[in-house]
Amino acid sequence: MQVPLLDLKPQYEQIRGEVLAAIAELCASQQFILGQHVEEIERKVAAYCQCQYACAVSSGTDALLMALMVENIGPGDEVITSPYTFFATAGAISRVGARPVFVDICHDTCNINTELIEAAITPRTKAIIPVHLYGQMADMDKIMALAERYQLVVIEDAAQAIGAQYKGRLACSMGHYGCLSFFPSKNLGAFGDAGMILCNDKDRAEKLKICRAHGSSPKYYHQFIGGNFRMDAMQAVVLLVKLKYLDTWTNGRQKNADDYQNLLAKIPNLSLPVTAATTTKHVFNQYVIRVHGGRRQAVWDGLKAADIGCDVYYPVPLHMQQCYASLGYHQGDFPESERAAAETLALPIYPELSHIQKRYVADTLASLCK
Ligand SMILES: *Cc1c(COP(=O)(O)O)cnc(C)c1O
């Protein structure tokens with residue numbers, strides 16, 4: 001049996017007619033840049049995330065970059081984030097000329113350890129970028145309290161967490177900015193690259209729109225240096241169709257996670273994902289187990305040999321990346337991140353996974369881990 005890590009084709013089959021009709025209509029109009037569909041997806045995603053303002057952009061990476069740009073964060077500034085995330089989180093900080101300052105993660109959730117943040121704050125600290133890894137929110141109350149005390153901007157990296165909730169509050173609605181990615185493998189995936197920034201502040205929302213179009217307002221009068229960060233109308237029409245199904249697909253992911261929790265419970269040398277007490281909704285962009293006893297590679301190889309897709313998010317924590325050698329971090333600086341990089345393994349969790357497939361994953365794991 002084959003179980004891919006992610007198969008987007010069954011999802012496409014559910015919406016093919018609708019999506020192709022929407023694309024055909026857009027092609028007939030030849031209105032590819034911004035316009036009504038982009039505005040509509042901004043309104044609908046903002047409402048979905050209980051945020052007031054939205055700016056549809058070219059990717060999740062550009063969403064993070066723009067939030068830093070409109071806050072004027074740059075050379076001499078420091079931004080605190082997790083070393084255990086997709087590279088874009090820290091890359092955006094470096095690209096504006098600021099310095100990423102890493103703070104280790106919690107063992108249970110792989111999200112930033114809020115107990116360790118305060119010690120990393122200096123007079124140069126301007127912002128914190130908590131990452132809601134795998135679809136579960138970081139401990140936002142603690143982060144917002146620190147941000148208020150030290151006058152810091154909070155940019156939520158919610159690329160993996162659309163619809164996730166913390167004590168009943170939605171991802172993107174708690175920080176000063178919330179950044180979403182619509183990369184095809186995210187829970188709400190476009191047909192290419194796309195992203196969005198959400199916020200609840202009118203001035204910030206206006207600046208984001210100006211930044212998205214080379215800092216120009218009015219056209220050809222440039223207030224500051226922005227970029228071409230627009231979402232294509234083509235992506236907007238696809239996302240408008242898919243957004244209607246997002247809750248159904250998220251429920252499918254949660255059901256799969258529940259099933260795995262039962263199917264994998266008794267397997268030795270594994271630990272299963274932990275949902276924090278503060279998490280009122282986990283959207284499971286990834287279902288990540290840990291393999292103990294130094295056996296991750298063997299289990300990974302065994303799953304691959306059994307035609308089961310899996311992957312490691314992420315094998316090298318950011319403080320150990322070659323491009324960040326100049327930051328001066330060393331092996332051992334962030335033990336929980338390094339341990340996660342050595343132990344974690346993501347299993348297939350996409351909504352259309354069948355029960356037989358889940359059973360097969362569980363049986364294969366049981367035989368590999370005994
Ligand atoms: C996917 C992802 C991003 C980047 O989003 P893109 O749309 O691929 O640019 C940023 N941060 C995290 C945590 C991600 O998972």
# chains A, B, ... in the order shown; residues from 1 in each chain; ligands from 1
>>> residues_near_ligand(ligand="ligand 1", cutoff="6 Å", atoms="only C-alpha atoms and all ligand atoms", output="list in words")
Ser59, Gly60, Thr61, Thr85, Phe86, Ala88, Thr89, Val131, Asp157, Ala159, Gln160, Ser181, Phe182, Phe183, Asp193, Ala194 and Gly195 of chain A
>>> residues_around(residues="stretch 354-356 of chain A", least_positions_apart="5", cutoff="9 Å", atoms="only C-alpha atoms", output="compact mmCIF listing (two decimals) with all heavy atoms, in the first residue's frame")
# COMPACT_ATOMS: atom_id res chain seq x y z
N ASN A 256 -7.97 12.45 11.88
CA ASN A 256 -6.79 11.62 11.65
C ASN A 256 -5.87 11.62 12.86
O ASN A 256 -5.33 10.58 13.24
CB ASN A 256 -6.03 12.09 10.41
CG ASN A 256 -6.80 11.83 9.13
OD1 ASN A 256 -7.71 11.00 9.12
ND2 ASN A 256 -6.46 12.54 8.07
N ASP A 259 -7.34 9.45 15.51
CA ASP A 259 -7.17 8.03 15.16
C ASP A 259 -5.73 7.58 15.42
O ASP A 259 -5.51 6.51 15.99
CB ASP A 259 -7.53 7.79 13.68
CG ASP A 259 -9.03 7.89 13.45
OD1 ASP A 259 -9.79 7.92 14.44
OD2 ASP A 259 -9.44 7.97 12.27
N VAL A 361 0.00 2.59 8.43
CA VAL A 361 1.06 3.40 9.04
C VAL A 361 1.33 2.89 10.46
O VAL A 361 2.48 2.67 10.86
CB VAL A 361 0.69 4.90 9.06
CG1 VAL A 361 1.70 5.70 9.88
CG2 VAL A 361 0.58 5.45 7.64
>>> closest_residue(among="A:Leu270, A:Ile41, A:Leu240, A:Leu347", to="A:Cys369", atoms="only C-alpha atoms")
A:Leu270
>>> residues_around(residues="A:Ile155", least_positions_apart="5", cutoff="7 Å", atoms="only C-alpha atoms", output="list in words")
Ile128, Ile129, Pro130, Gly175, His176, Tyr177 and Gly178 of chain A
>>> write_last_selection(atoms="N, CA and C atoms", output="tab-separated table (two decimals), in the first residue's frame")
chain	number	residue	atom	x	y	z
A	128	ILE	N	9.08	40.34	18.59
A	128	ILE	CA	9.11	38.89	18.82
A	128	ILE	C	8.29	38.25	17.70
A	129	ILE	N	8.83	37.20	17.11
A	129	ILE	CA	8.04	36.44	16.13
A	129	ILE	C	7.81	35.03	16.69
A	130	PRO	N	6.68	34.83	17.38
A	130	PRO	CA	6.35	33.46	17.80
A	130	PRO	C	5.85	32.69	16.58
A	175	GLY	N	-1.52	39.01	18.10
A	175	GLY	CA	-0.33	39.84	17.93
A	175	GLY	C	-0.65	41.13	17.19
A	176	HIS	N	0.38	41.96	16.97
A	176	HIS	CA	0.18	43.18	16.19
A	176	HIS	C	0.02	42.87	14.71
A	177	TYR	N	0.63	41.76	14.29
A	177	TYR	CA	0.47	41.26	12.91
A	177	TYR	C	0.32	39.74	12.98
A	178	GLY	N	-0.43	39.20	12.04
A	178	GLY	CA	-0.49	37.75	11.88
A	178	GLY	C	-0.17	37.42	10.44
>>> residues_around(residues="stretch 169-171 of chain A", least_positions_apart="2", cutoff="9 Å", atoms="only C-alpha atoms", output="MDAnalysis selection string")
chainID A and resid 48:51 132 136:137 156:158 161:167 173:175 178 280:281
>>> write_last_selection(atoms="N, CA and C atoms", output="tab-separated table (two decimals), in the first residue's frame")
chain	number	residue	atom	x	y	z
A	48	TYR	N	-12.63	35.21	8.90
A	48	TYR	CA	-12.37	33.85	9.38
A	48	TYR	C	-11.43	33.86	10.59
A	49	CYS	N	-10.46	34.78	10.56
A	49	CYS	CA	-9.47	34.86	11.64
A	49	CYS	C	-9.85	35.89	12.70
A	50	GLN	N	-11.05	36.45	12.60
A	50	GLN	CA	-11.52	37.49	13.53
A	50	GLN	C	-10.53	38.64	13.64
A	51	CYS	N	-10.08	39.11	12.49
A	51	CYS	CA	-9.20	40.28	12.43
A	51	CYS	C	-9.89	41.36	11.61
A	132	HIS	N	3.61	29.43	15.33
A	132	HIS	CA	2.60	28.46	15.79
A	132	HIS	C	2.87	27.15	15.05
A	136	GLN	N	-0.42	24.51	16.12
A	136	GLN	CA	-0.77	24.77	17.52
A	136	GLN	C	-0.13	26.10	17.94
A	137	MET	N	-0.91	26.96	18.58
A	137	MET	CA	-0.41	28.29	18.90
A	137	MET	C	0.59	28.29	20.06
A	156	GLU	N	2.92	37.30	14.59
A	156	GLU	CA	2.64	35.86	14.66
A	156	GLU	C	2.98	35.20	13.34
A	157	ASP	N	3.85	34.20	13.36
A	157	ASP	CA	4.06	33.38	12.17
A	157	ASP	C	3.05	32.24	12.24
A	158	ALA	N	1.90	32.48	11.58
A	158	ALA	CA	0.80	31.52	11.61
A	158	ALA	C	0.71	30.76	10.29
A	161	ALA	N	-0.91	27.59	10.80
A	161	ALA	CA	-1.91	27.58	11.88
A	161	ALA	C	-3.21	28.33	11.58
A	162	ILE	N	-3.62	28.43	10.32
A	162	ILE	CA	-4.87	29.13	10.06
A	162	ILE	C	-6.03	28.43	10.78
A	163	GLY	N	-6.79	29.18	11.56
A	163	GLY	CA	-7.93	28.61	12.28
A	163	GLY	C	-7.60	28.04	13.65
A	164	ALA	N	-6.30	27.98	14.00
A	164	ALA	CA	-5.93	27.45	15.32
A	164	ALA	C	-6.40	28.42	16.41
A	165	GLN	N	-6.66	27.86	17.60
A	165	GLN	CA	-7.13	28.71	18.70
A	165	GLN	C	-6.33	28.47	19.98
A	166	TYR	N	-6.15	29.59	20.70
A	166	TYR	CA	-5.47	29.61	21.99
A	166	TYR	C	-6.45	30.21	22.98
A	167	LYS	N	-6.87	29.44	23.98
A	167	LYS	CA	-7.89	29.89	24.94
A	167	LYS	C	-9.06	30.53	24.19
A	173	SER	N	-4.99	36.88	15.51
A	173	SER	CA	-5.82	37.93	16.11
A	173	SER	C	-5.21	38.50	17.38
A	174	MET	N	-4.13	37.91	17.87
A	174	MET	CA	-3.60	38.32	19.18
A	174	MET	C	-2.38	39.23	19.07
A	175	GLY	N	-1.52	39.01	18.10
A	175	GLY	CA	-0.33	39.84	17.93
A	175	GLY	C	-0.65	41.13	17.19
A	178	GLY	N	-0.43	39.20	12.04
A	178	GLY	CA	-0.49	37.75	11.88
A	178	GLY	C	-0.17	37.42	10.44
A	280	THR	N	-7.04	25.46	22.39
A	280	THR	CA	-8.44	25.06	22.28
A	280	THR	C	-8.75	24.54	20.88
A	281	LYS	N	-7.84	24.76	19.95
A	281	LYS	CA	-8.00	24.15	18.63
A	281	LYS	C	-6.63	24.00	17.97
>>> closest_residue(among="A:Leu327, A:Val283, A:Val96, A:Leu365", to="A:Ala306", atoms="only C-alpha atoms")
A:Leu365
>>> select_by_dssp(residues="stretch 34-244 of chain A", states="strand (DSSP E)", output="PyMOL selection string")
chain A and resi 53-57+78-81+99-102+125-129+153-157+165-166+169-170+177-181+195-199
>>> write_last_selection(atoms="C-alpha atoms", output="PDB file, in the first residue's frame")
ATOM      1  CA  TYR A  53      -7.689  44.234   8.316  1.00  0.00           C
ATOM      2  CA  ALA A  54      -5.975  42.025   5.768  1.00  0.00           C
ATOM      3  CA  CYS A  55      -3.375  42.497   3.068  1.00  0.00           C
ATOM      4  CA  ALA A  56      -3.089  39.709   0.487  1.00  0.00           C
ATOM      5  CA  VAL A  57       0.506  39.165  -0.532  1.00  0.00           C
ATOM      6  CA  GLU A  78      17.157  42.493  17.270  1.00  0.00           C
ATOM      7  CA  VAL A  79      14.144  40.241  16.781  1.00  0.00           C
ATOM      8  CA  ILE A  80      13.466  37.252  19.022  1.00  0.00           C
ATOM      9  CA  THR A  81      12.225  34.017  17.493  1.00  0.00           C
ATOM     10  CA  ARG A  99      19.629  40.241  13.920  1.00  0.00           C
ATOM     11  CA  PRO A 100      17.662  37.088  14.765  1.00  0.00           C
ATOM     12  CA  VAL A 101      17.996  36.253  18.465  1.00  0.00           C
ATOM     13  CA  PHE A 102      16.954  32.685  19.146  1.00  0.00           C
ATOM     14  CA  THR A 125      15.063  44.174  20.845  1.00  0.00           C
ATOM     15  CA  LYS A 126      12.234  45.475  18.664  1.00  0.00           C
ATOM     16  CA  ALA A 127       9.976  42.496  18.038  1.00  0.00           C
ATOM     17  CA  ILE A 128       9.107  38.887  18.821  1.00  0.00           C
ATOM     18  CA  ILE A 129       8.045  36.435  16.127  1.00  0.00           C
ATOM     19  CA  VAL A 153       5.937  44.367  18.316  1.00  0.00           C
ATOM     20  CA  VAL A 154       4.563  40.830  18.038  1.00  0.00           C
ATOM     21  CA  ILE A 155       4.388  39.239  14.589  1.00  0.00           C
ATOM     22  CA  GLU A 156       2.642  35.864  14.662  1.00  0.00           C
ATOM     23  CA  ASP A 157       4.063  33.378  12.172  1.00  0.00           C
ATOM     24  CA  GLN A 165      -7.131  28.705  18.696  1.00  0.00           C
ATOM     25  CA  TYR A 166      -5.473  29.613  21.989  1.00  0.00           C
ATOM     26  CA  ARG A 169      -8.754  33.129  20.442  1.00  0.00           C
ATOM     27  CA  LEU A 170      -7.741  32.726  16.834  1.00  0.00           C
ATOM     28  CA  TYR A 177       0.471  41.261  12.914  1.00  0.00           C
ATOM     29  CA  GLY A 178      -0.491  37.747  11.883  1.00  0.00           C
ATOM     30  CA  CYS A 179       1.203  36.186   8.865  1.00  0.00           C
ATOM     31  CA  LEU A 180      -0.366  33.382   6.847  1.00  0.00           C
ATOM     32  CA  SER A 181       1.055  31.263   4.055  1.00  0.00           C
ATOM     33  CA  GLY A 195       0.203  34.704   1.701  1.00  0.00           C
ATOM     34  CA  MET A 196      -1.611  37.260   3.840  1.00  0.00           C
ATOM     35  CA  ILE A 197      -0.951  39.676   6.699  1.00  0.00           C
ATOM     36  CA  LEU A 198      -3.700  40.365   9.195  1.00  0.00           C
ATOM     37  CA  CYS A 199      -3.858  43.135  11.765  1.00  0.00           C
TER      38      CYS A 199
END
>>> closest_atom_pairs(of="stretch 219-337 of chain A", to="stretch 64-72 of chain A", cutoff="12 Å", atoms="only C-alpha atoms", output="Markdown table")
| residue | atom | partner | partner_atom | distance |
| --- | --- | --- | --- | --- |
| A:Gln223 | CA | A:Val70 | CA | 11.5 |
| A:Phe224 | CA | A:Val70 | CA | 9.2 |
| A:Ile225 | CA | A:Met69 | CA | 8.9 |
| A:Gly226 | CA | A:Met69 | CA | 7.8 |
| A:Gly227 | CA | A:Met66 | CA | 8.8 |
| A:Asn228 | CA | A:Met66 | CA | 10.6 |
| A:Phe229 | CA | A:Met66 | CA | 8.3 |
| A:Arg230 | CA | A:Met66 | CA | 11.2 |
>>> closest_residue(among="A:Ile267, A:Leu318, A:Ala346, A:Val238", to="A:Ala366", atoms="only C-alpha atoms")
A:Ile267
>>> atom_distance(atom1="atom CA of A:Glu18", atom2="atom CA of A:Tyr245")
12.0 Å
>>> select_by_dssp(residues="stretch 70-206 of chain A", states="alpha helix (DSSP H)", output="PDB file with N, CA, C and O atoms, in the first residue's frame")
ATOM      1  N   VAL A  70       7.408  47.486   7.518  1.00  0.00           N
ATOM      2  CA  VAL A  70       6.548  48.616   7.881  1.00  0.00           C
ATOM      3  C   VAL A  70       6.757  49.040   9.334  1.00  0.00           C
ATOM      4  O   VAL A  70       6.389  50.152   9.709  1.00  0.00           O
ATOM      5  N   ALA A  88      12.218  30.668   6.691  1.00  0.00           N
ATOM      6  CA  ALA A  88      11.670  31.988   6.342  1.00  0.00           C
ATOM      7  C   ALA A  88      11.501  32.901   7.558  1.00  0.00           C
ATOM      8  O   ALA A  88      11.651  34.119   7.453  1.00  0.00           O
ATOM      9  N   THR A  89      11.174  32.327   8.713  1.00  0.00           N
ATOM     10  CA  THR A  89      10.933  33.134   9.914  1.00  0.00           C
ATOM     11  C   THR A  89      12.162  33.979  10.245  1.00  0.00           C
ATOM     12  O   THR A  89      12.065  35.195  10.450  1.00  0.00           O
ATOM     13  N   ALA A  90      13.312  33.323  10.285  1.00  0.00           N
ATOM     14  CA  ALA A  90      14.548  34.037  10.613  1.00  0.00           C
ATOM     15  C   ALA A  90      15.096  34.768   9.390  1.00  0.00           C
ATOM     16  O   ALA A  90      15.674  35.860   9.514  1.00  0.00           O
ATOM     17  N   GLY A  91      14.914  34.180   8.217  1.00  0.00           N
ATOM     18  CA  GLY A  91      15.409  34.799   6.986  1.00  0.00           C
ATOM     19  C   GLY A  91      14.853  36.200   6.795  1.00  0.00           C
ATOM     20  O   GLY A  91      15.564  37.123   6.379  1.00  0.00           O
ATOM     21  N   ALA A  92      13.568  36.377   7.105  1.00  0.00           N
ATOM     22  CA  ALA A  92      12.939  37.694   6.958  1.00  0.00           C
ATOM     23  C   ALA A  92      13.621  38.726   7.859  1.00  0.00           C
ATOM     24  O   ALA A  92      13.844  39.874   7.462  1.00  0.00           O
ATOM     25  N   ILE A  93      13.979  38.295   9.076  1.00  0.00           N
ATOM     26  CA  ILE A  93      14.647  39.200  10.029  1.00  0.00           C
ATOM     27  C   ILE A  93      15.993  39.640   9.448  1.00  0.00           C
ATOM     28  O   ILE A  93      16.333  40.827   9.445  1.00  0.00           O
ATOM     29  N   SER A  94      16.738  38.680   8.923  1.00  0.00           N
ATOM     30  CA  SER A  94      18.059  39.001   8.364  1.00  0.00           C
ATOM     31  C   SER A  94      17.936  39.886   7.131  1.00  0.00           C
ATOM     32  O   SER A  94      18.775  40.763   6.904  1.00  0.00           O
ATOM     33  N   ARG A  95      16.903  39.648   6.326  1.00  0.00           N
ATOM     34  CA  ARG A  95      16.783  40.405   5.079  1.00  0.00           C
ATOM     35  C   ARG A  95      16.515  41.888   5.308  1.00  0.00           C
ATOM     36  O   ARG A  95      16.843  42.707   4.452  1.00  0.00           O
ATOM     37  N   MET A 140       0.591  32.651  23.800  1.00  0.00           N
ATOM     38  CA  MET A 140       0.468  34.059  23.416  1.00  0.00           C
ATOM     39  C   MET A 140       0.228  35.014  24.580  1.00  0.00           C
ATOM     40  O   MET A 140       0.660  36.168  24.521  1.00  0.00           O
ATOM     41  N   ASP A 141      -0.475  34.589  25.631  1.00  0.00           N
ATOM     42  CA  ASP A 141      -0.709  35.517  26.751  1.00  0.00           C
ATOM     43  C   ASP A 141       0.626  35.968  27.345  1.00  0.00           C
ATOM     44  O   ASP A 141       0.833  37.151  27.630  1.00  0.00           O
ATOM     45  N   LYS A 142       1.534  35.024  27.539  1.00  0.00           N
ATOM     46  CA  LYS A 142       2.841  35.355  28.117  1.00  0.00           C
ATOM     47  C   LYS A 142       3.627  36.262  27.171  1.00  0.00           C
ATOM     48  O   LYS A 142       4.298  37.207  27.595  1.00  0.00           O
ATOM     49  N   ILE A 143       3.531  35.961  25.868  1.00  0.00           N
ATOM     50  CA  ILE A 143       4.277  36.741  24.878  1.00  0.00           C
ATOM     51  C   ILE A 143       3.731  38.169  24.805  1.00  0.00           C
ATOM     52  O   ILE A 143       4.499  39.145  24.797  1.00  0.00           O
ATOM     53  N   MET A 144       2.414  38.318  24.817  1.00  0.00           N
ATOM     54  CA  MET A 144       1.825  39.657  24.732  1.00  0.00           C
ATOM     55  C   MET A 144       2.121  40.471  25.997  1.00  0.00           C
ATOM     56  O   MET A 144       2.309  41.692  25.926  1.00  0.00           O
ATOM     57  N   ALA A 145       2.181  39.798  27.144  1.00  0.00           N
ATOM     58  CA  ALA A 145       2.492  40.507  28.392  1.00  0.00           C
ATOM     59  C   ALA A 145       3.927  41.037  28.354  1.00  0.00           C
ATOM     60  O   ALA A 145       4.194  42.187  28.721  1.00  0.00           O
ATOM     61  N   LEU A 146       4.860  40.214  27.879  1.00  0.00           N
ATOM     62  CA  LEU A 146       6.249  40.666  27.757  1.00  0.00           C
ATOM     63  C   LEU A 146       6.357  41.803  26.738  1.00  0.00           C
ATOM     64  O   LEU A 146       7.076  42.786  26.952  1.00  0.00           O
ATOM     65  N   ALA A 147       5.624  41.671  25.646  1.00  0.00           N
ATOM     66  CA  ALA A 147       5.677  42.685  24.580  1.00  0.00           C
ATOM     67  C   ALA A 147       5.192  44.027  25.110  1.00  0.00           C
ATOM     68  O   ALA A 147       5.764  45.078  24.806  1.00  0.00           O
ATOM     69  N   GLU A 148       4.158  43.980  25.935  1.00  0.00           N
ATOM     70  CA  GLU A 148       3.643  45.220  26.494  1.00  0.00           C
ATOM     71  C   GLU A 148       4.647  45.841  27.461  1.00  0.00           C
ATOM     72  O   GLU A 148       4.935  47.036  27.403  1.00  0.00           O
ATOM     73  N   ARG A 149       5.232  44.993  28.306  1.00  0.00           N
ATOM     74  CA  ARG A 149       6.179  45.489  29.301  1.00  0.00           C
ATOM     75  C   ARG A 149       7.404  46.117  28.636  1.00  0.00           C
ATOM     76  O   ARG A 149       7.903  47.139  29.095  1.00  0.00           O
ATOM     77  N   TYR A 150       7.878  45.514  27.551  1.00  0.00           N
ATOM     78  CA  TYR A 150       9.109  46.002  26.908  1.00  0.00           C
ATOM     79  C   TYR A 150       8.835  46.764  25.613  1.00  0.00           C
ATOM     80  O   TYR A 150       9.763  47.044  24.862  1.00  0.00           O
ATOM     81  N   LYS A 202      -5.495  50.356  12.023  1.00  0.00           N
ATOM     82  CA  LYS A 202      -5.765  50.994  10.730  1.00  0.00           C
ATOM     83  C   LYS A 202      -4.496  51.549  10.085  1.00  0.00           C
ATOM     84  O   LYS A 202      -4.268  51.370   8.886  1.00  0.00           O
ATOM     85  N   ASP A 203      -3.644  52.201  10.887  1.00  0.00           N
ATOM     86  CA  ASP A 203      -2.418  52.783  10.335  1.00  0.00           C
ATOM     87  C   ASP A 203      -1.504  51.696   9.773  1.00  0.00           C
ATOM     88  O   ASP A 203      -0.928  51.846   8.701  1.00  0.00           O
ATOM     89  N   ARG A 204      -1.382  50.621  10.551  1.00  0.00           N
ATOM     90  CA  ARG A 204      -0.530  49.521  10.080  1.00  0.00           C
ATOM     91  C   ARG A 204      -1.107  48.919   8.799  1.00  0.00           C
ATOM     92  O   ARG A 204      -0.368  48.615   7.860  1.00  0.00           O
ATOM     93  N   ALA A 205      -2.420  48.760   8.755  1.00  0.00           N
ATOM     94  CA  ALA A 205      -3.064  48.170   7.570  1.00  0.00           C
ATOM     95  C   ALA A 205      -2.806  49.041   6.343  1.00  0.00           C
ATOM     96  O   ALA A 205      -2.517  48.531   5.257  1.00  0.00           O
ATOM     97  N   GLU A 206      -2.881  50.346   6.499  1.00  0.00           N
ATOM     98  CA  GLU A 206      -2.637  51.252   5.365  1.00  0.00           C
ATOM     99  C   GLU A 206      -1.191  51.169   4.894  1.00  0.00           C
ATOM    100  O   GLU A 206      -0.927  51.117   3.696  1.00  0.00           O
TER     101      GLU A 206
END
>>> decode(residues="stretch 157-168 of chain A", atoms="N, CA, C and O atoms", output="CSV table (one decimal), in the first residue's frame")
chain,number,residue,atom,x,y,z
A,157,ASP,N,3.9,34.2,13.4
A,157,ASP,CA,4.1,33.4,12.2
A,157,ASP,C,3.0,32.2,12.2
A,157,ASP,O,3.3,31.2,12.9
A,158,ALA,N,1.9,32.5,11.6
A,158,ALA,CA,0.8,31.5,11.6
A,158,ALA,C,0.7,30.8,10.3
A,158,ALA,O,-0.4,30.3,9.9
A,159,ALA,N,1.9,30.6,9.6
A,159,ALA,CA,1.9,29.9,8.3
A,159,ALA,C,1.3,28.5,8.4
A,159,ALA,O,0.7,28.1,7.4
A,160,GLN,N,1.5,27.9,9.5
A,160,GLN,CA,1.0,26.5,9.7
A,160,GLN,C,-0.3,26.4,10.5
A,160,GLN,O,-0.7,25.4,10.9
A,161,ALA,N,-0.9,27.6,10.8
A,161,ALA,CA,-1.9,27.6,11.9
A,161,ALA,C,-3.2,28.3,11.6
A,161,ALA,O,-3.9,28.8,12.5
A,162,ILE,N,-3.6,28.4,10.3
A,162,ILE,CA,-4.9,29.1,10.1
A,162,ILE,C,-6.0,28.4,10.8
A,162,ILE,O,-6.2,27.2,10.7
A,163,GLY,N,-6.8,29.2,11.6
A,163,GLY,CA,-7.9,28.6,12.3
A,163,GLY,C,-7.6,28.0,13.7
A,163,GLY,O,-8.5,27.7,14.4
A,164,ALA,N,-6.3,28.0,14.0
A,164,ALA,CA,-5.9,27.5,15.3
A,164,ALA,C,-6.4,28.4,16.4
A,164,ALA,O,-6.5,29.6,16.2
A,165,GLN,N,-6.7,27.9,17.6
A,165,GLN,CA,-7.1,28.7,18.7
A,165,GLN,C,-6.3,28.5,20.0
A,165,GLN,O,-5.9,27.3,20.3
A,166,TYR,N,-6.2,29.6,20.7
A,166,TYR,CA,-5.5,29.6,22.0
A,166,TYR,C,-6.5,30.2,23.0
A,166,TYR,O,-6.9,31.4,22.8
A,167,LYS,N,-6.9,29.4,24.0
A,167,LYS,CA,-7.9,29.9,24.9
A,167,LYS,C,-9.1,30.5,24.2
A,167,LYS,O,-9.6,31.6,24.6
A,168,GLY,N,-9.5,29.9,23.1
A,168,GLY,CA,-10.6,30.4,22.3
A,168,GLY,C,-10.3,31.5,21.4
A,168,GLY,O,-11.2,32.0,20.7
